[in-house]
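Content type compact mmCIF, C-alpha atoms, from the file my_file.txt:
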```txt
# COMPACT_ATOMS: atom_id res chain seq x y z
CA MET A 1 0.00 0.00 0.00
CA LYS A 2 2.83 2.39 0.84
CA LYS A 3 4.50 1.64 -2.49
CA ILE A 4 1.28 2.52 -4.29
CA LYS A 5 1.00 5.79 -2.39
CA LYS A 6 4.62 6.64 -3.17
CA PHE A 7 3.95 5.94 -6.83
CA PHE A 8 0.95 8.28 -6.88
CA ALA A 9 2.93 10.94 -4.98
CA ILE A 10 5.69 10.82 -7.60
CA LEU A 11 3.07 10.86 -10.33
CA LEU A 12 1.43 13.91 -8.77
CA ILE A 13 4.71 15.82 -8.64
CA THR A 14 5.38 14.87 -12.24
CA VAL A 15 1.94 16.03 -13.40
CA LEU A 16 2.16 19.33 -11.55
CA SER A 17 5.73 20.14 -12.50
CA VAL A 18 5.99 18.90 -16.09
CA SER A 19 3.14 21.08 -17.34
CA THR A 20 5.46 22.42 -20.01
CA ILE A 21 4.50 19.43 -22.13
CA VAL A 22 0.88 20.52 -22.15
CA PHE A 23 1.21 24.25 -22.64
CA ALA A 24 2.85 26.21 -25.40
CA ASP A 25 5.40 28.94 -24.85
CA ASP A 26 2.79 31.67 -24.85
CA MET A 27 0.11 31.54 -22.08
CA ALA A 28 -2.31 33.55 -24.18
CA ALA A 29 -2.13 30.91 -26.90
CA TYR A 30 -4.37 28.62 -24.86
CA SER A 31 -8.01 29.45 -24.46
CA ASP A 32 -9.94 29.53 -21.21
CA ASN A 33 -11.54 26.21 -22.08
CA SER A 34 -8.11 24.59 -22.40
CA ILE A 35 -7.05 25.88 -19.00
CA ILE A 36 -10.33 24.78 -17.42
CA SER A 37 -10.05 21.34 -18.98
CA TYR A 38 -6.49 20.87 -17.70
CA SER A 39 -7.51 22.11 -14.23
CA LYS A 40 -10.31 19.54 -14.09
CA GLN A 41 -7.81 16.81 -14.96
CA ILE A 42 -5.63 17.86 -12.01
CA LEU A 43 -8.63 17.81 -9.65
CA GLU A 44 -9.92 14.45 -10.90
CA SER A 45 -6.51 12.76 -10.81
CA ASN A 46 -5.32 13.97 -7.41
CA PHE A 47 -8.06 15.33 -5.14
CA ILE A 48 -11.64 14.26 -5.88
CA ASN A 49 -11.07 10.59 -4.97
CA SER A 50 -8.54 11.24 -2.18
CA SER A 51 -9.57 10.12 1.28
CA TYR A 52 -8.69 11.71 4.59
CA ASN A 53 -5.81 9.26 5.11
CA ASP A 54 -4.52 9.93 1.59
CA CYS A 55 -4.37 13.64 2.32
CA LEU A 56 -2.52 13.01 5.57
CA TYR A 57 -0.01 10.83 3.73
CA TYR A 58 0.75 13.53 1.15
CA ILE A 59 0.98 16.18 3.86
CA GLU A 60 3.52 14.12 5.78
CA ASN A 61 5.59 13.09 2.76
CA GLN A 62 5.46 16.10 0.43
CA VAL A 63 6.64 19.69 0.60
CA GLY A 64 5.86 23.00 -1.03
CA MET A 65 2.83 23.41 -3.26
CA THR A 66 1.72 19.76 -3.04
CA LYS A 67 1.72 19.76 0.76
CA ASP A 68 -0.12 23.09 0.91
CA ALA A 69 -2.74 21.86 -1.58
CA PHE A 70 -3.59 18.73 0.43
CA GLU A 71 -3.62 20.70 3.68
CA SER A 72 -6.23 22.96 2.10
CA TYR A 73 -8.28 19.98 0.87
CA LEU A 74 -7.97 17.92 4.10
CA PRO A 75 -10.96 19.46 6.01
CA PHE A 76 -13.36 18.48 3.22
CA THR A 77 -12.38 14.80 3.42
CA GLU A 78 -12.78 14.40 7.18
CA ASN A 79 -15.51 11.84 8.00
CA ASN A 80 -16.46 11.96 4.32
CA LYS A 81 -18.68 14.93 5.17
CA MET A 82 -18.98 16.10 1.56
CA GLY A 83 -20.17 12.74 0.25
CA ASN A 84 -19.55 11.52 -3.29
CA PHE A 85 -18.51 13.79 -6.11
CA VAL A 86 -21.35 14.76 -8.47
CA GLU A 87 -20.06 17.17 -11.11
CA PHE A 88 -18.10 20.29 -11.91
CA SER A 89 -20.13 23.47 -11.82
CA GLU A 90 -19.17 27.09 -12.57
CA SER A 91 -15.69 27.71 -13.97
CA THR A 92 -13.88 31.04 -14.43
CA VAL A 93 -10.46 32.08 -15.67
CA ASP A 94 -8.77 35.27 -14.49
CA ARG A 95 -6.00 36.75 -16.66
CA SER A 96 -5.83 40.16 -15.01
CA GLU A 97 -2.17 39.78 -14.04
CA THR A 98 0.69 39.42 -16.50
CA ASP A 99 2.09 35.90 -16.81
CA ILE A 100 -0.40 34.65 -14.20
CA VAL A 101 -3.67 32.78 -14.81
CA VAL A 102 -6.10 31.80 -12.04
CA CYS A 103 -8.71 29.14 -12.73
CA ASP A 104 -11.61 28.76 -10.28
CA ILE A 105 -13.84 25.69 -10.53
CA ILE A 106 -16.80 24.75 -8.31
CA MET A 107 -16.89 21.05 -7.42
CA VAL A 108 -20.37 19.79 -6.52
CA PHE A 109 -20.64 16.97 -3.96
CA GLU A 110 -23.65 15.26 -2.44
CA ASN A 111 -23.51 17.37 0.72
CA GLY A 112 -22.26 20.69 -0.59
CA LYS A 113 -19.90 22.55 -2.86
CA VAL A 114 -16.15 23.17 -2.76
CA LYS A 115 -14.41 25.95 -4.66
CA SER A 116 -11.01 25.01 -6.13
CA SER A 117 -8.56 27.68 -7.21
CA ILE A 118 -5.50 26.79 -9.34
CA THR A 119 -2.93 29.48 -10.06
CA TYR A 120 -0.69 29.11 -13.10
CA GLN A 121 2.47 31.15 -13.52
CA ARG A 122 4.73 31.47 -16.53
CA ILE A 123 7.99 29.71 -15.67
CA ALA A 124 10.65 29.28 -18.37
CA GLY A 125 8.11 30.52 -20.85
CA ASN A 126 5.43 27.99 -19.91
CA PRO A 127 2.36 28.11 -17.59
CA THR A 128 2.98 25.98 -14.51
CA PRO A 129 0.68 25.31 -11.50
CA VAL A 130 2.18 27.15 -8.52
CA LYS A 131 -0.74 27.13 -6.07
CA ILE A 132 -3.82 25.00 -5.46
CA SER A 133 -6.33 25.90 -2.75
CA PHE A 134 -9.86 24.93 -1.72
CA SER A 135 -12.61 26.82 0.10
CA SER A 136 -16.21 26.21 1.13
CA VAL A 137 -19.11 27.72 -0.77
CA GLU A 138 -21.90 26.82 1.64
CA THR A 139 -23.71 30.11 1.03
CA GLU A 140 -23.80 29.54 -2.70
CA ASN A 141 -25.02 25.99 -2.14
CA LYS A 142 -28.17 27.18 -0.40
CA SER A 143 -31.32 27.83 -2.36
CA LEU A 144 -33.13 31.14 -2.29
CA GLY A 145 -35.76 29.65 0.02
CA SER A 146 -33.11 28.49 2.50
CA ARG A 147 -31.44 31.88 2.51
CA MET A 148 -34.82 33.58 3.03
CA ALA A 149 -35.55 31.20 5.90
CA ASP A 150 -32.19 32.00 7.51
CA ALA A 151 -32.82 35.72 7.09
CA GLY A 152 -36.28 35.35 8.66
CA LEU A 153 -34.85 33.39 11.57
CA ASN A 154 -32.19 36.04 12.18
CA THR A 155 -34.90 38.73 12.09
CA LEU A 156 -37.02 36.86 14.64
CA ILE A 157 -34.04 36.39 16.94
CA GLY A 158 -33.26 40.10 16.71
CA MET A 159 -36.88 41.08 17.43
CA PHE A 160 -37.10 38.68 20.37
CA THR A 161 -33.90 40.14 21.83
CA VAL A 162 -35.23 43.70 21.55
CA VAL A 163 -38.60 42.73 23.11
CA ALA A 164 -36.85 40.90 25.96
CA ILE A 165 -34.66 43.93 26.74
CA LEU A 166 -37.69 46.26 26.64
CA ALA A 167 -39.59 43.92 28.98
CA ILE A 168 -36.72 43.97 31.48
CA ILE A 169 -36.57 47.78 31.35
CA MET A 170 -40.37 48.03 31.85
CA PHE A 171 -40.14 45.68 34.85
CA PHE A 172 -37.54 47.90 36.53
CA ILE A 173 -39.62 51.02 35.85
CA TRP A 174 -42.74 49.30 37.24
CA SER A 175 -40.89 48.24 40.38
CA PHE A 176 -39.96 51.84 41.21
CA LYS A 177 -43.43 52.43 42.73
CA PHE A 178 -42.60 50.02 45.56
CA ILE A 179 -39.58 52.05 46.69
CA PRO A 180 -41.64 54.68 48.66
CA VAL A 181 -43.67 51.90 50.29
CA LEU A 182 -40.50 50.17 51.46
CA GLN A 183 -39.08 53.45 52.70
CA GLY A 184 -42.30 54.10 54.63
CA LYS A 185 -42.14 50.69 56.27
CA PHE A 186 -38.56 51.24 57.41
CA SER A 187 -39.46 54.70 58.78
CA ASN A 188 -42.46 53.34 60.70
CA ARG A 189 -40.31 50.58 62.12
CA LYS A 190 -37.76 53.12 63.35
CA LYS A 191 -40.51 55.27 64.90
CA LYS A 192 -42.00 52.22 66.59
CA ASN A 193 -38.66 51.27 68.05
CA SER A 194 -38.14 54.82 69.36
CA THR A 195 -41.60 54.79 70.96
CA GLU A 196 -40.94 51.44 72.64
CA VAL A 197 -37.66 52.72 74.06
CA ALA A 198 -39.38 55.83 75.44
CA VAL A 199 -42.14 53.73 77.04
CA ASP A 200 -39.59 51.39 78.60
CA ASN A 201 -37.71 54.37 80.05
CA ALA A 202 -40.90 55.81 81.50
CA ILE A 203 -41.87 52.47 83.07
CA ALA A 204 -38.40 52.15 84.59
CA GLN A 205 -38.62 55.62 86.09
CA ILE A 206 -42.07 54.92 87.53
CA THR A 207 -40.89 51.61 89.02
CA GLU A 208 -37.86 53.31 90.54
CA ASN A 209 -40.03 56.02 92.11
CA GLU A 210 -42.42 53.40 93.52
CA GLU A 211 -39.53 51.49 95.08
CA LEU A 212 -38.24 54.74 96.61
CA VAL A 213 -41.66 55.48 98.10
CA ASP A 214 -41.83 51.97 99.56
CA ASP A 215 -38.41 52.49 101.18
CA TYR A 216 -39.58 55.75 102.82
CA GLU A 217 -42.63 54.08 104.29
CA LEU A 218 -40.51 51.20 105.57
CA VAL A 219 -38.07 53.66 107.19
CA ALA A 220 -40.92 55.42 108.97
CA VAL A 221 -42.37 52.15 110.29
CA VAL A 222 -39.00 50.93 111.54
CA THR A 223 -38.25 54.28 113.21
CA ALA A 224 -41.61 54.30 114.97
CA ALA A 225 -41.13 50.73 116.21
CA ILE A 226 -37.69 51.50 117.61
CA ALA A 227 -38.97 54.64 119.35
CA ALA A 228 -41.87 52.73 120.88
CA SER A 229 -39.63 49.95 122.17
CA THR A 230 -37.10 52.31 123.71
CA GLY A 231 -39.63 54.85 124.97
CA GLY A 232 -37.62 57.70 123.43
CA SER A 233 -38.05 60.07 120.55
CA SER A 234 -37.43 59.16 116.93
CA ASP A 235 -35.44 62.35 116.29
CA GLY A 236 -32.22 60.76 117.39
CA PHE A 237 -32.38 57.89 114.97
CA VAL A 238 -30.73 57.95 111.56
CA VAL A 239 -31.33 55.07 109.12
CA ARG A 240 -28.20 54.52 107.07
CA SER A 241 -29.36 51.55 105.03
CA ILE A 242 -31.97 48.85 104.89
CA ARG A 243 -30.92 45.26 104.24
CA LYS A 244 -33.01 42.17 103.92
CA ALA A 245 -32.12 39.73 106.73
CA LYS A 246 -31.21 36.20 105.82
CA ARG A 247 -33.34 33.83 107.84
CA SER A 248 -32.66 30.14 108.17
CA ARG A 249 -35.68 27.93 107.80
```
The structure in this file should be written as structure tokens.
Amino acid sequence: MKKIKKFFAILLITVLSVSTIVFADDMAAYSDNSIISYSKQILESNFINSSYNDCLYYIENQVGMTKDAFESYLPFTENNKMGNFVEFSESTVDRSETDIVVCDIIMVFENGKVKSSITYQRIAGNPTPVKISFSSVETENKSLGSRMADAGLNTLIGMFTVVAILAIIMFFIWSFKFIPVLQGKFSNRKKKNSTEVAVDNAIAQITENEELVDDYELVAVVTAAIAASTGGSSDGFVVRSIRKAKRSR
């Protein structure tokens, strides 16, 4: 198998380099159809039937233009995502630059299209392939209906995004009316706390005054009892403090 691959690799280099046999000395002597026909031969012989492993082999074992060409074609062979080759589609030839001709050919596969671009340059008086590249043409592969559907979907997504943002803004504006209510609740709570503190202070003062009154009455009773027991006057007595006696049961 390796010998076969080496043979095709050598054949590929020979086909791409010995193009002087095919072309005349003057590039303009060959028509666009001749260039397109030769470009299709290159694509059919080297790329259309190449598998993913074939591309990897050429990438690992070749250099220069051949390696670059298979690196460009490699993504289209992965998992055989393009399917089988169907036909060649649109073909164009660009001669805008002196001694350079670019041939673009659309390759149609079962699952899409691939655009191939082969650049020929005049070397030693003869047109020679110097660059081969491939690119996807998924947009061109879609029908007008598919493109209209995609455009409609993008429009709906954009409208939904705008409506969602407007809804969020309206929600925030609507929620502003609750801010004064919340502020009022916090203010009432603070006032209630202040009122409770004031009431507690008043109750404490009243309790303290009542205890002081009770102490005065107790002092008077004790003084009178002492005076009665001693038979003297209560003017000579001074009560320094009153303590509750600890009695054993």
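Distance-wise, CA of Ser89 in chain A and CA of Ile36 in chain A end up 11.4 Å apart.
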Report summary line: A straight line from CA of Lys131 in chain A to CA of Lys113 in chain A spans 20.0 Å
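The environment of Asn84 in chain A within 9 Å, counting only C-alpha atoms and disregarding residues fewer than 3 places along the same chain, consists of Ile48, Asn49, Asn80, Val108, Phe109, Glu110 and Asn111 of chain A.
All residues of protein, DNA or RNA that reach within 12 Å of Glu44 in chain A, judged by only C-alpha atoms and not counting those fewer than 5 positions away in the chain, are Leu12, Ser37, Tyr38, Ser39, Asn49, Ser50, Phe85, Val86, Glu87, Phe88, Ile105, Met107 and Ser116 of chain A.
Closest approach to Phe47 in chain A among A:Val63, A:Leu74, A:Ile179, A:Val137: A:Leu74, based on all atoms listed in the file.
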Query raised in the report: Please, what distance in Å, to one decimal, runs between CA of Asn33 in chain A and CA of Arg95 in chain A?
Result: 13.1 Å
